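Below: structure_7.cif (mmCIF, C-alpha atoms)
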data_upload
loop_
_atom_site.label_atom_id
_atom_site.label_comp_id
_atom_site.auth_asym_id
_atom_site.auth_seq_id
_atom_site.Cartn_x
_atom_site.Cartn_y
_atom_site.Cartn_z
CA MET V 1108 10.10 -22.13 19.54
CA LYS V 1109 10.06 -18.62 18.08
CA TYR V 1110 10.49 -18.37 14.33
CA LYS V 1111 13.17 -16.08 12.94
CA ILE V 1112 11.72 -13.91 10.20
CA LEU V 1113 13.58 -11.68 7.75
CA THR V 1114 11.20 -8.88 6.81
CA LEU V 1115 11.71 -6.74 3.70
CA GLY V 1116 9.91 -3.41 3.77
CA TRP V 1117 9.83 -0.30 1.61
CA GLU V 1118 7.85 2.29 3.57
CA PHE V 1119 8.34 2.44 7.33
CA PRO V 1120 7.38 5.32 9.64
CA PRO V 1121 8.31 8.10 9.72
CA GLN V 1122 9.20 7.56 6.02
CA ILE V 1123 5.70 6.88 4.68
CA ASN V 1124 3.69 7.64 1.58
CA GLY V 1125 0.45 5.99 2.60
CA GLY V 1126 -1.07 2.99 4.33
CA LEU V 1127 1.80 0.62 3.46
CA GLY V 1128 4.14 2.17 6.01
CA VAL V 1129 1.52 2.23 8.75
CA ALA V 1130 0.55 -1.41 8.12
CA SER V 1131 4.15 -2.59 7.87
CA LEU V 1132 5.03 -1.11 11.25
CA GLY V 1133 1.80 -2.22 12.93
CA LEU V 1134 2.17 -5.84 11.83
CA THR V 1135 5.93 -6.00 12.46
CA ARG V 1136 5.55 -4.59 15.96
CA ALA V 1137 2.84 -7.15 16.77
CA LEU V 1138 4.75 -10.04 15.16
CA SER V 1139 7.79 -9.25 17.29
CA GLU V 1140 5.84 -10.59 20.28
CA TYR V 1141 5.72 -14.02 18.64
CA ALA V 1142 8.88 -14.18 16.50
CA GLU V 1143 12.39 -12.81 16.21
CA ILE V 1144 12.23 -10.16 13.50
CA SER V 1145 14.98 -8.55 11.43
CA VAL V 1146 13.75 -5.81 9.11
CA ILE V 1147 15.63 -4.44 6.11
CA ILE V 1148 14.26 -1.18 4.69
CA PRO V 1149 15.71 1.36 2.22
CA ARG V 1150 16.14 4.09 4.79
CA SER V 1151 16.01 3.99 8.56
CA ASP V 1152 15.60 7.12 10.61
CA PRO V 1153 16.49 8.10 14.18
CA ARG V 1154 12.77 8.75 14.74
CA THR V 1155 11.92 5.12 13.91
CA LEU V 1156 11.41 3.10 17.08
CA ALA V 1157 12.55 -0.46 16.40
CA GLU V 1158 11.33 -1.66 19.80
CA ASN V 1159 11.54 -5.47 19.90
CA PHE V 1160 12.90 -6.05 16.41
CA GLN V 1161 16.15 -5.42 14.58
CA LEU V 1162 15.88 -2.61 12.03
CA ILE V 1163 18.48 -2.24 9.28
CA GLY V 1164 18.43 0.71 6.88
CA ALA V 1165 20.19 0.20 3.55
CA ASN V 1166 21.30 3.83 3.84
CA GLU V 1167 23.36 2.90 6.91
CA VAL V 1168 25.22 0.01 5.28
CA ASP V 1169 28.79 0.42 4.02
CA ILE V 1170 28.42 -1.47 0.76
CA GLU V 1171 32.16 -1.93 0.37
CA LYS V 1172 32.13 -4.21 3.42
CA LEU V 1173 29.64 -6.45 1.60
CA ALA V 1174 31.65 -6.59 -1.62
CA GLY V 1175 32.54 -10.24 -1.17
CA GLU V 1176 28.92 -11.28 -0.90
CA THR V 1177 27.86 -11.28 -4.55
CA PRO V 1178 24.13 -11.77 -5.19
CA LYS V 1179 22.69 -13.67 -8.15
CA ILE V 1180 21.37 -10.51 -9.86
CA HIS V 1181 17.63 -11.14 -9.76
CA ARG V 1182 17.96 -14.39 -11.71
CA SER V 1183 14.46 -15.57 -10.78
CA ILE V 1184 12.79 -13.04 -13.07
CA LEU V 1185 15.43 -11.08 -14.95
CA SER V 1186 16.60 -14.22 -16.73
CA LYS V 1187 13.28 -13.97 -18.54
CA VAL V 1188 13.54 -10.26 -19.32
CA HIS V 1189 16.50 -8.57 -20.99
CA ILE V 1190 17.24 -5.15 -19.48
CA ASP V 1191 18.48 -2.18 -21.47
CA TYR V 1192 19.51 0.74 -19.23
CA VAL V 1193 18.69 4.04 -20.85
CA ASP V 1194 18.38 7.61 -19.60
CA VAL V 1195 14.63 8.20 -19.25
CA SER V 1196 12.39 9.76 -16.64
CA LEU V 1197 9.90 7.75 -14.60
CA SER V 1198 7.75 9.27 -11.89
CA GLY V 1199 6.11 7.49 -8.98
CA TYR V 1200 4.41 4.29 -10.09
CA GLU V 1201 4.83 5.04 -13.79
CA GLN V 1202 5.92 1.84 -15.48
CA PRO V 1203 8.96 1.31 -17.71
CA THR V 1204 8.34 0.63 -21.37
CA LEU V 1205 8.04 -3.06 -22.25
CA TYR V 1206 8.42 -3.85 -25.93
CA TYR V 1207 9.79 -6.51 -28.28
CA THR V 1208 13.06 -6.37 -30.16
CA ARG V 1209 13.66 -7.79 -33.61
CA LYS V 1210 16.56 -10.01 -32.50
CA PRO V 1211 15.20 -12.24 -31.10
CA ALA V 1212 11.61 -11.27 -31.83
CA SER V 1213 10.14 -13.16 -28.88
CA ARG V 1214 12.36 -11.73 -26.15
CA PRO V 1215 10.93 -8.74 -24.26
CA VAL V 1216 13.13 -5.81 -23.40
CA MET V 1217 12.52 -3.77 -20.27
CA VAL V 1218 13.71 -0.18 -20.48
CA VAL V 1219 14.82 0.98 -17.04
CA GLU V 1220 15.93 4.48 -16.13
CA ARG V 1221 19.57 4.80 -15.07
CA PRO V 1222 20.99 8.21 -14.12
CA VAL V 1223 24.04 9.13 -16.19
CA LYS V 1224 26.40 9.15 -13.20
CA ASP V 1225 25.10 5.93 -11.65
CA ASN V 1226 26.86 2.61 -12.08
CA ILE V 1227 24.97 -0.52 -11.01
CA ILE V 1228 28.07 -2.72 -11.14
CA GLY V 1229 30.35 -0.28 -9.34
CA MET V 1230 27.77 0.47 -6.68
CA PRO V 1231 27.94 3.64 -4.55
CA ARG V 1232 29.40 3.35 -1.06
CA LYS V 1233 26.01 4.11 0.48
CA PHE V 1234 22.44 3.49 -0.68
CA ARG V 1235 21.37 6.70 -2.41
CA LEU V 1236 18.99 8.90 -0.44
CA GLY V 1237 16.01 10.88 -1.66
CA ALA V 1238 12.30 10.24 -2.18
CA LEU V 1239 11.21 6.60 -2.03
CA TYR V 1240 9.04 7.09 -5.11
CA GLY V 1241 11.19 9.33 -7.27
CA SER V 1242 12.00 9.32 -10.96
CA ASP V 1243 14.56 6.58 -10.34
CA LEU V 1244 12.25 4.15 -8.53
CA LEU V 1245 13.37 1.07 -10.45
CA THR V 1246 17.04 1.89 -9.98
CA ARG V 1247 16.45 2.22 -6.25
CA ILE V 1248 14.65 -1.13 -6.20
CA SER V 1249 17.57 -2.75 -8.02
CA GLU V 1250 20.10 -1.28 -5.60
CA PHE V 1251 17.99 -2.23 -2.59
CA THR V 1252 17.72 -5.79 -3.91
CA ASP V 1253 21.50 -6.06 -4.20
CA ILE V 1254 22.11 -4.69 -0.70
CA ALA V 1255 19.35 -6.75 0.97
CA SER V 1256 20.49 -9.97 -0.68
CA ARG V 1257 24.09 -9.36 0.43
CA LEU V 1258 22.96 -8.54 3.96
CA SER V 1259 20.84 -11.68 4.12
CA ARG V 1260 23.97 -13.84 4.06
CA LYS V 1261 24.91 -12.41 7.45
CA LEU V 1262 21.52 -13.03 9.09
CA GLN V 1263 19.82 -16.13 10.42
CA PHE V 1264 16.15 -16.62 9.55
CA ASP V 1265 13.52 -19.28 8.90
CA PHE V 1266 11.27 -17.26 6.56
CA ILE V 1267 11.51 -14.31 4.18
CA HIS V 1268 8.57 -11.90 4.55
CA ALA V 1269 8.40 -9.31 1.73
CA HIS V 1270 5.91 -6.43 1.73
CA ASP V 1271 4.57 -5.33 -1.70
CA TRP V 1272 6.17 -5.38 -5.13
CA MET V 1273 9.06 -3.02 -4.40
CA THR V 1274 10.61 -5.75 -2.21
CA PHE V 1275 9.58 -8.79 -4.26
CA LEU V 1276 12.82 -8.88 -6.30
CA ALA V 1277 14.82 -8.87 -3.08
CA GLY V 1278 12.63 -11.66 -1.72
CA LEU V 1279 13.17 -13.77 -4.84
CA GLU V 1280 16.90 -13.15 -4.70
CA ILE V 1281 17.21 -14.07 -1.05
CA LYS V 1282 15.15 -17.22 -1.57
CA ALA V 1283 17.51 -18.22 -4.39
CA ILE V 1284 20.52 -17.61 -2.14
CA SER V 1285 19.24 -19.10 1.11
CA GLY V 1286 16.70 -21.70 0.06
CA LYS V 1287 14.35 -20.37 2.76
CA PRO V 1288 10.58 -20.14 2.17
CA LEU V 1289 9.36 -16.86 0.68
CA VAL V 1290 6.17 -15.27 2.01
CA LEU V 1291 4.81 -12.29 0.08
CA HIS V 1292 2.55 -9.83 1.88
CA VAL V 1293 0.21 -8.08 -0.56
CA HIS V 1294 -1.08 -4.70 0.59
CA SER V 1295 -1.78 -3.37 -2.91
CA LEU V 1296 -1.57 -4.65 -6.48
CA GLU V 1297 -0.98 -3.19 -9.90
CA TYR V 1298 -4.50 -4.41 -10.67
CA ASP V 1299 -5.74 -1.95 -8.02
CA ARG V 1300 -3.55 0.95 -9.16
CA SER V 1301 -3.97 0.66 -12.94
CA GLY V 1302 -6.98 -1.55 -13.55
CA PRO V 1303 -7.36 -5.03 -15.08
CA GLU V 1304 -6.37 -4.02 -18.61
CA LYS V 1305 -2.86 -2.70 -17.89
CA LYS V 1306 -0.42 -5.58 -17.48
CA GLY V 1307 3.03 -4.04 -17.67
CA TYR V 1308 6.26 -4.88 -15.89
CA VAL V 1309 4.95 -4.38 -12.34
CA PHE V 1310 1.98 -6.70 -12.96
CA GLU V 1311 4.28 -9.34 -14.45
CA LEU V 1312 6.70 -9.02 -11.53
CA GLU V 1313 3.87 -9.42 -9.03
CA LYS V 1314 2.51 -12.46 -10.85
CA HIS V 1315 5.92 -14.10 -11.25
CA ALA V 1316 6.83 -13.46 -7.61
CA MET V 1317 3.54 -14.92 -6.37
CA GLN V 1318 4.03 -17.98 -8.55
CA GLU V 1319 7.52 -18.48 -7.08
CA ALA V 1320 6.51 -17.70 -3.48
CA ASP V 1321 5.69 -20.39 -0.96
CA LEU V 1322 2.83 -18.41 0.58
CA VAL V 1323 0.97 -15.21 -0.36
CA MET V 1324 -0.62 -13.20 2.44
CA ALA V 1325 -3.50 -10.93 1.34
CA VAL V 1326 -4.92 -8.11 3.47
CA SER V 1327 -8.54 -9.00 2.66
CA ASP V 1328 -10.78 -11.58 1.02
CA TYR V 1329 -11.27 -9.01 -1.74
CA THR V 1330 -7.53 -8.98 -2.47
CA ALA V 1331 -7.32 -12.77 -2.18
CA ASP V 1332 -10.01 -13.01 -4.88
CA VAL V 1333 -8.05 -10.64 -7.15
CA ILE V 1334 -4.86 -12.67 -6.63
CA GLU V 1335 -6.62 -15.92 -7.49
CA ASN V 1336 -8.69 -14.76 -10.45
CA HIS V 1337 -6.60 -12.03 -12.08
CA TYR V 1338 -3.10 -13.29 -11.26
CA GLU V 1339 -4.06 -16.97 -11.57
CA ILE V 1340 -2.43 -17.98 -8.29
CA ASP V 1341 -3.33 -21.30 -6.63
CA PRO V 1342 -5.88 -20.48 -3.89
CA ASP V 1343 -4.24 -23.06 -1.61
CA LYS V 1344 -1.20 -20.77 -1.51
CA ILE V 1345 -3.19 -17.68 -0.45
CA TRP V 1346 -3.54 -16.81 3.24
CA VAL V 1347 -5.72 -13.88 4.33
CA VAL V 1348 -4.28 -11.67 7.08
CA PRO V 1349 -6.59 -8.66 7.55
CA ASN V 1350 -5.01 -5.39 8.58
CA GLY V 1351 -5.12 -4.41 12.21
CA LEU V 1352 -5.83 -1.14 13.87
CA GLU V 1353 -3.68 1.68 15.17
CA LYS V 1354 -5.71 2.90 18.13
CA LEU V 1355 -6.29 6.64 18.02
CA LYS V 1356 -7.33 9.02 20.75
CA SER V 1357 -10.73 10.20 19.61
CA TYR V 1358 -11.75 13.83 19.86
CA ARG V 1359 -14.04 16.25 18.06
CA LYS V 1360 -13.17 19.72 16.80
CA THR V 1361 -15.47 22.54 15.75
CA PRO V 1362 -14.76 23.58 12.14
CA PRO V 1363 -14.13 27.28 11.33
CA PHE V 1364 -17.40 27.44 9.38
CA PRO V 1365 -21.05 26.70 10.27
CA GLU V 1366 -21.70 24.02 7.64
CA LYS V 1367 -21.31 20.27 8.03
CA LEU V 1368 -18.22 18.64 6.51
CA VAL V 1369 -17.82 15.65 4.17
CA VAL V 1370 -14.27 14.42 3.52
CA PHE V 1371 -12.25 12.48 0.96
CA ALA V 1372 -8.74 11.46 2.03
CA GLY V 1373 -6.31 9.58 -0.16
CA ARG V 1374 -4.04 9.75 -3.18
CA LEU V 1375 -5.67 11.66 -6.02
CA VAL V 1376 -5.39 8.85 -8.54
CA ALA V 1377 -7.99 6.87 -10.47
CA GLN V 1378 -7.80 3.91 -8.07
CA LYS V 1379 -9.07 6.01 -5.15
CA GLY V 1380 -12.04 7.42 -7.07
CA PRO V 1381 -11.70 11.17 -6.33
CA GLY V 1382 -13.65 11.95 -9.49
CA TYR V 1383 -16.59 9.94 -8.19
CA PHE V 1384 -16.36 11.79 -4.88
CA LEU V 1385 -16.60 15.10 -6.74
CA GLU V 1386 -19.54 13.87 -8.80
CA MET V 1387 -21.28 12.75 -5.60
CA ALA V 1388 -20.56 16.08 -3.91
CA MET V 1389 -22.21 18.01 -6.73
CA LYS V 1390 -25.32 15.83 -6.50
CA VAL V 1391 -25.52 16.40 -2.74
CA LEU V 1392 -25.19 20.17 -3.20
CA GLU V 1393 -28.18 20.16 -5.54
CA LYS V 1394 -30.38 19.12 -2.60
CA TYR V 1395 -28.49 20.23 0.52
CA THR V 1396 -26.48 23.42 0.82
CA ASN V 1397 -25.51 23.41 4.51
CA VAL V 1398 -22.39 21.36 3.78
CA ARG V 1399 -18.80 21.71 2.62
CA PHE V 1400 -16.50 19.12 1.10
CA ALA V 1401 -12.77 18.67 1.70
CA ILE V 1402 -10.47 16.69 -0.60
CA ALA V 1403 -7.26 15.77 1.21
CA GLY V 1404 -4.43 14.38 -0.86
CA GLN V 1405 -2.25 14.92 -3.87
CA GLY V 1406 -1.74 13.12 -7.15
CA GLU V 1407 -2.12 13.23 -10.89
CA LYS V 1408 -5.88 13.92 -10.79
CA LEU V 1409 -5.50 17.17 -8.82
CA PRO V 1410 -5.40 19.62 -11.79
CA GLU V 1411 -8.45 18.00 -13.36
CA LEU V 1412 -10.39 18.10 -10.09
CA VAL V 1413 -9.48 21.73 -9.41
CA GLN V 1414 -10.53 22.73 -12.93
CA THR V 1415 -13.89 20.96 -12.54
CA VAL V 1416 -14.59 22.76 -9.26
CA ALA V 1417 -13.55 26.10 -10.75
CA GLU V 1418 -15.75 25.66 -13.83
CA ALA V 1419 -18.70 24.75 -11.60
CA ARG V 1420 -17.96 27.81 -9.43
CA LEU V 1421 -17.98 25.70 -6.29
CA GLY V 1422 -14.73 26.91 -4.77
CA ASP V 1423 -16.58 28.10 -1.70
CA LYS V 1424 -18.03 24.62 -1.12
CA ILE V 1425 -15.30 22.20 -2.20
CA HIS V 1426 -11.82 22.66 -0.77
CA PHE V 1427 -8.44 21.07 -1.49
CA THR V 1428 -6.13 20.66 1.50
CA GLY V 1429 -3.13 19.02 -0.16
CA PHE V 1430 -1.45 15.98 1.40
CA LEU V 1431 -2.22 15.48 5.08
CA SER V 1432 -0.89 12.83 7.43
CA GLY V 1433 -0.67 12.11 11.13
CA LYS V 1434 -1.96 14.87 13.39
CA ASP V 1435 -3.09 17.10 10.50
CA LEU V 1436 -5.24 14.35 8.99
CA ARG V 1437 -6.76 13.56 12.37
CA LYS V 1438 -7.59 17.26 12.86
CA LEU V 1439 -9.53 17.19 9.61
CA LEU V 1440 -11.34 13.98 10.58
CA ALA V 1441 -12.17 15.47 13.98
CA MET V 1442 -14.14 18.20 12.16
CA ALA V 1443 -15.79 15.84 9.66
CA ASP V 1444 -19.31 14.46 9.81
CA VAL V 1445 -18.94 11.95 6.97
CA LEU V 1446 -16.01 10.34 5.14
CA VAL V 1447 -16.68 8.94 1.67
CA MET V 1448 -14.26 6.32 0.29
CA PRO V 1449 -15.33 5.64 -3.32
CA SER V 1450 -12.31 3.47 -4.18
CA VAL V 1451 -12.44 1.65 -7.51
CA SER V 1452 -10.28 -1.14 -6.09
CA GLU V 1453 -9.11 -0.95 -2.48
CA PRO V 1454 -7.23 -3.90 -0.94
CA PHE V 1455 -8.18 -2.67 2.54
CA GLY V 1456 -8.68 1.04 3.33
CA LEU V 1457 -7.09 2.02 6.63
CA ILE V 1458 -8.41 5.60 6.35
CA ALA V 1459 -11.93 4.33 7.04
CA THR V 1460 -10.84 2.69 10.31
CA GLU V 1461 -9.17 5.95 11.35
CA ALA V 1462 -12.29 7.96 10.52
CA VAL V 1463 -14.57 5.63 12.47
CA GLN V 1464 -12.33 5.91 15.53
CA MET V 1465 -12.56 9.70 15.27
CA GLY V 1466 -16.36 9.53 15.40
CA VAL V 1467 -17.01 9.96 11.67
CA ALA V 1468 -19.72 8.15 9.71
CA CYS V 1469 -18.28 6.38 6.65
CA VAL V 1470 -19.73 5.63 3.25
CA ILE V 1471 -17.48 3.10 1.49
CA SER V 1472 -17.37 1.24 -1.81
CA HIS V 1473 -18.20 -2.43 -2.10
CA GLN V 1474 -14.86 -2.74 -3.91
CA SER V 1475 -12.84 -2.45 -0.70
CA GLY V 1476 -11.38 -4.87 1.80
CA VAL V 1477 -12.44 -2.75 4.77
CA SER V 1478 -16.08 -3.35 3.81
CA GLU V 1479 -15.54 -6.87 5.18
CA VAL V 1480 -14.79 -5.33 8.59
CA LEU V 1481 -17.15 -2.34 8.66
CA LYS V 1482 -20.26 -4.42 8.17
CA HIS V 1483 -22.57 -1.62 9.35
CA ALA V 1484 -21.13 1.12 7.15
CA PRO V 1485 -23.34 2.33 4.28
CA LYS V 1486 -21.96 0.94 1.00
CA ALA V 1487 -22.31 1.50 -2.74
CA ASN V 1488 -20.51 0.48 -5.89
CA TYR V 1489 -17.73 2.98 -6.58
CA HIS V 1490 -19.42 4.32 -9.71
CA ASP V 1491 -22.90 4.60 -8.18
CA THR V 1492 -22.68 8.25 -7.20
CA ASP V 1493 -26.47 8.47 -6.90
CA GLN V 1494 -26.46 5.88 -4.11
CA MET V 1495 -23.45 7.50 -2.44
CA ALA V 1496 -25.15 10.89 -2.54
CA ALA V 1497 -28.33 9.36 -1.09
CA TRP V 1498 -26.37 7.85 1.82
CA VAL V 1499 -24.61 11.14 2.52
CA LEU V 1500 -27.88 13.08 2.43
CA SER V 1501 -29.47 10.60 4.84
CA LEU V 1502 -26.58 10.89 7.28
CA LEU V 1503 -26.55 14.69 7.13
CA ASN V 1504 -30.32 15.03 7.51
CA ASP V 1505 -30.90 12.37 10.16
CA PRO V 1506 -28.83 12.83 13.36
CA SER V 1507 -30.21 9.60 14.79
CA LEU V 1508 -29.05 7.58 11.77
CA TRP V 1509 -25.66 9.30 11.95
CA ARG V 1510 -25.20 8.39 15.64
CA LYS V 1511 -26.31 4.79 15.09
CA THR V 1512 -23.94 4.40 12.12
CA VAL V 1513 -20.96 5.75 14.06
CA ALA V 1514 -21.70 3.54 17.09
CA ALA V 1515 -22.25 0.40 14.99
CA THR V 1516 -19.08 0.81 12.96
CA GLN V 1517 -17.04 1.53 16.08
CA LYS V 1518 -18.36 -1.79 17.41
CA ASP V 1519 -17.28 -3.43 14.14
CA LEU V 1520 -13.68 -2.39 14.80
CA GLU V 1521 -13.55 -4.60 17.87
CA SER V 1522 -13.03 -7.56 15.52
CA ILE V 1523 -9.59 -6.36 14.34
CA SER V 1524 -6.26 -5.53 15.95
CA TRP V 1525 -2.61 -5.86 15.00
CA ASP V 1526 -2.27 -8.64 17.57
CA ILE V 1527 -5.05 -10.60 15.85
CA SER V 1528 -3.31 -9.96 12.51
CA ALA V 1529 0.03 -11.14 13.91
CA ARG V 1530 -1.46 -14.35 15.27
CA LYS V 1531 -3.11 -15.00 11.90
CA ALA V 1532 0.24 -14.44 10.17
CA ILE V 1533 2.02 -16.80 12.60
CA ALA V 1534 -0.61 -19.44 11.79
CA GLY V 1535 0.33 -19.01 8.14
CA PHE V 1536 4.03 -19.47 8.90
CA GLU V 1537 3.20 -22.58 10.96
CA ARG V 1538 1.14 -24.01 8.14
CA LEU V 1539 3.98 -23.40 5.72
CA SER V 1540 6.49 -24.95 8.10
CA ALA V 1541 4.36 -28.08 8.43
CA GLN V 1542 4.12 -28.35 4.64
CA LYS V 1543 7.91 -28.15 4.31
CA LYS V 1544 8.52 -31.03 6.74
#

Mind turning this structure into structure tokens?
Amino acid sequence: MKYKILTLGWEFPPQINGGLGVASLGLTRALSEYAEISVIIPRSDPRTLAENFQLIGANEVDIEKLAGETPKIHRSILSKVHIDYVDVSLSGYEQPTLYYTRKPASRPVMVVERPVKDNIIGMPRKFRLGALYGSDLLTRISEFTDIASRLSRKLQFDFIHAHDWMTFLAGLEIKAISGKPLVLHVHSLEYDRSGPEKKGYVFELEKHAMQEADLVMAVSDYTADVIENHYEIDPDKIWVVPNGLEKLKSYRKTPPFPEKLVVFAGRLVAQKGPGYFLEMAMKVLEKYTNVRFAIAGQGEKLPELVQTVAEARLGDKIHFTGFLSGKDLRKLLAMADVLVMPSVSEPFGLIATEAVQMGVACVISHQSGVSEVLKHAPKANYHDTDQMAAWVLSLLNDPSLWRKTVAATQKDLESISWDISARKAIAGFERLSAQKK
């Protein structure tokens, strides 16, 4: 018997901001071979190939036709947090202010941005379009939760499968409505993005949702450990489903300069460690000059990084490409000799698997899930820029070591695929089903 799974996603190709969209599609496509999948996402696109699963974009739904299906307004968590809607500006993953009021003193108040013309109760006819991670992120999440929970009443499913915190409220709501088991799929955590000290609304939502969920799927043992020890979730409820692999056609490309090339690719935020990459690059340049460095990505750290390079007068050696994805990113990797991923906390790290497929040697941090897969990749702690620089220098100076590293890590990738991930996920659903009987 095939299970019927209701999947809740936020990013989905071609609407992607990073690895979440790639992983969501890869796993969903593979799962559709073993289960009947219905996917609800904020925005579908004619370029999105649904293939063997049903894809529903909230932007395509006429909300008026769902008016009779009233959801329970996030009661699982919002009953514990009073919301005051005020006109403020939030950008990207920036968190709303959480503070305590005088009456009553113990009740937290979450301040959530609401555009002046928006009305949550009198919802718009269509889900509002625009960037997935705009200044009104929390408003979008609230609207998506309402639409998804209403839609769920019209669908048949055995499990709810929610990807990352943006869909967790919807998952909680649908569980409350349907009584079906809730499975949360954790690709990234607030712990990763902001560090262990910052425990704002997103952290509390993640923790509450994982406590209420029936099963929590983590993309690596590293993430499973974070969920258990920093979110205090019962380890018996955690199920590791490593990411799979989108197979790429490998090719090499001659760069438009004679030097070798070392690359960083990712969001320019503290979590990804671009500052450590820059520190490492400067140490390499002290001993080896036949090399250039490319930093691909955008984010809040960009001005600081550019200023550091300018002050060091290294603009001819360290280049900023801006955000690259798809074919453009692969073109860069095809020219690269080494990719360095100095992530401070990385649940997985799909970019490393892409680089290895393109014939690039990788140096990765111990604080990454992909280090569990790329067993033969040189590794260092994210802050150990001396060790990272030493690995890069060895790979640049020793062609034999470089070839052996590339070959060994390409062999490592044979242990993962989206089909393997899907079968692991199905085993988790089966385990949960047996527990419910």

Proximity to V:Ile1148 - best of V:Ala1417, V:Ile1112, V:Met1273, V:Leu1457, all atoms listed in the file
V:Met1273

Can you list, as a VMD selection string, every protein, DNA or RNA residue that comes within 12 Å of V:Lys1109 when you count all atoms listed in the file, leaving out same-chain residues fewer than 3 positions away?
chain V and resid 1112 1138 to 1144 1264 to 1266 1533 1536 to 1537

For the PyMOL selection byres ((chain V and resi 1377-1393) around 8), applied here, can you spell out every residue it catches as JSON, numbers by chain?
{"V": [1299, 1300, 1301, 1302, 1371, 1373, 1374, 1375, 1376, 1394, 1395, 1396, 1398, 1400, 1408, 1412, 1447, 1448, 1449, 1450, 1451, 1452, 1453, 1489, 1490, 1492, 1493, 1495, 1496, 1497, 1499, 1500]}

Coordinates-based distance that separates atom CA of V:Gly1126 from atom CA of V:Ser1475 (Å, one decimal)
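Separation between atom CA of V:Ser1475 and atom CA of V:Gly1126: 13.9 Å.
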
May I ask which of the residues V:Ala1130, V:Val1146, V:Leu1258, V:Val1309 is the closest one to V:Asp1169, counting all atoms listed in the file?
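Among V:Ala1130, V:Val1146, V:Leu1258, V:Val1309, it is V:Leu1258 that comes nearest to V:Asp1169.
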
Extract, using all atoms listed in the file, all DNA, RNA and protein residues at most 6 Å from V:Phe1430, discarding same-chain residues fewer than 6 positions from it, and format them as a list of chain:residue names.
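Surrounding residues, per the criterion: V:Ala1403, V:Gly1404, V:Gln1405.
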
Closest of V:Glu1313, V:Arg1420, V:Ser1432, V:Leu1409 to V:Gly1128 - atom-to-atom distances counting all atoms listed in the file:
V:Ser1432

Can you list, as a PDB file with C-alpha atoms, in the coordinates of the input, every protein, DNA or RNA residue that comes within 7 Å of stretch 1513-1521 of chain V when you count all atoms listed in the file, leaving out same-chain residues fewer than 5 positions away?
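New file result.pdb:
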ATOM      1  CA  VAL V1463     -14.570   5.630  12.470  1.00  0.00           C
ATOM      2  CA  GLN V1464     -12.330   5.910  15.530  1.00  0.00           C
ATOM      3  CA  GLY V1466     -16.360   9.530  15.400  1.00  0.00           C
ATOM      4  CA  VAL V1467     -17.010   9.960  11.670  1.00  0.00           C
ATOM      5  CA  ALA V1468     -19.720   8.150   9.710  1.00  0.00           C
ATOM      6  CA  VAL V1480     -14.790  -5.330   8.590  1.00  0.00           C
ATOM      7  CA  LEU V1481     -17.150  -2.340   8.660  1.00  0.00           C
ATOM      8  CA  LYS V1482     -20.260  -4.420   8.170  1.00  0.00           C
ATOM      9  CA  HIS V1483     -22.570  -1.620   9.350  1.00  0.00           C
ATOM     10  CA  ALA V1484     -21.130   1.120   7.150  1.00  0.00           C
TER      11      ALA V1484
END

Let me make sure I understand: among V:Ser1528, V:Thr1246, V:Ser1357, V:Asn1397, which one has the smallest atom-to-atom distance to V:Asn1504 if we use only C-alpha atoms?
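Comparing V:Ser1528, V:Thr1246, V:Ser1357, V:Asn1397 against V:Asn1504, the winner is V:Asn1397.
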
For atom CA of V:Gln1414 and atom CA of V:Phe1427, quote the distance in Å rounded to one decimal.
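Interatomic distance, atom CA of V:Gln1414 to atom CA of V:Phe1427: 11.7 Å.
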
Radius query 10 Å about (11.3, -9.0, -1.9), atoms used: only C-alpha atoms, as a VMD selection string:
chain V and resid 1114 to 1117 1248 1251 to 1252 1255 to 1256 1267 to 1282 1289 to 1292 1316

Report as a ChimeraX atom specification the full result of the PyMOL selection byres ((chain V and resi 1317) around 9) when it is applied to this structure.
/V:1275,1290-1291,1312-1316,1318-1323,1334,1338,1340,1344

What separation in Å, quoted to one decimal, exists between atom CA of V:His1426 and atom CA of V:Ile1402?
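Spanning atom CA of V:His1426 to atom CA of V:Ile1402 is a straight-line distance of 6.1 Å.
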
Of the residues V:Ser1501, V:Ser1259, V:Lys1434, V:Trp1509, which is the one nearest to V:Ala1283, using only C-alpha atoms?
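Under the stated criterion, the closest residue is V:Ser1259.
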
So which one's closest to V:Ala1401, V:Pro1120, V:Gly1164, V:Gly1476, V:Pro1362? Using all atoms listed in the file, please.
V:Pro1362

Test item: the PyMOL selection byres ((chain V and resi 1352) around 6) resolved as a list in words:
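This file, filtered by the PyMOL selection byres ((chain V and resi 1352) around 6), leaves Gly1351, Glu1353, Lys1354, Ser1524 and Trp1525 of chain V.
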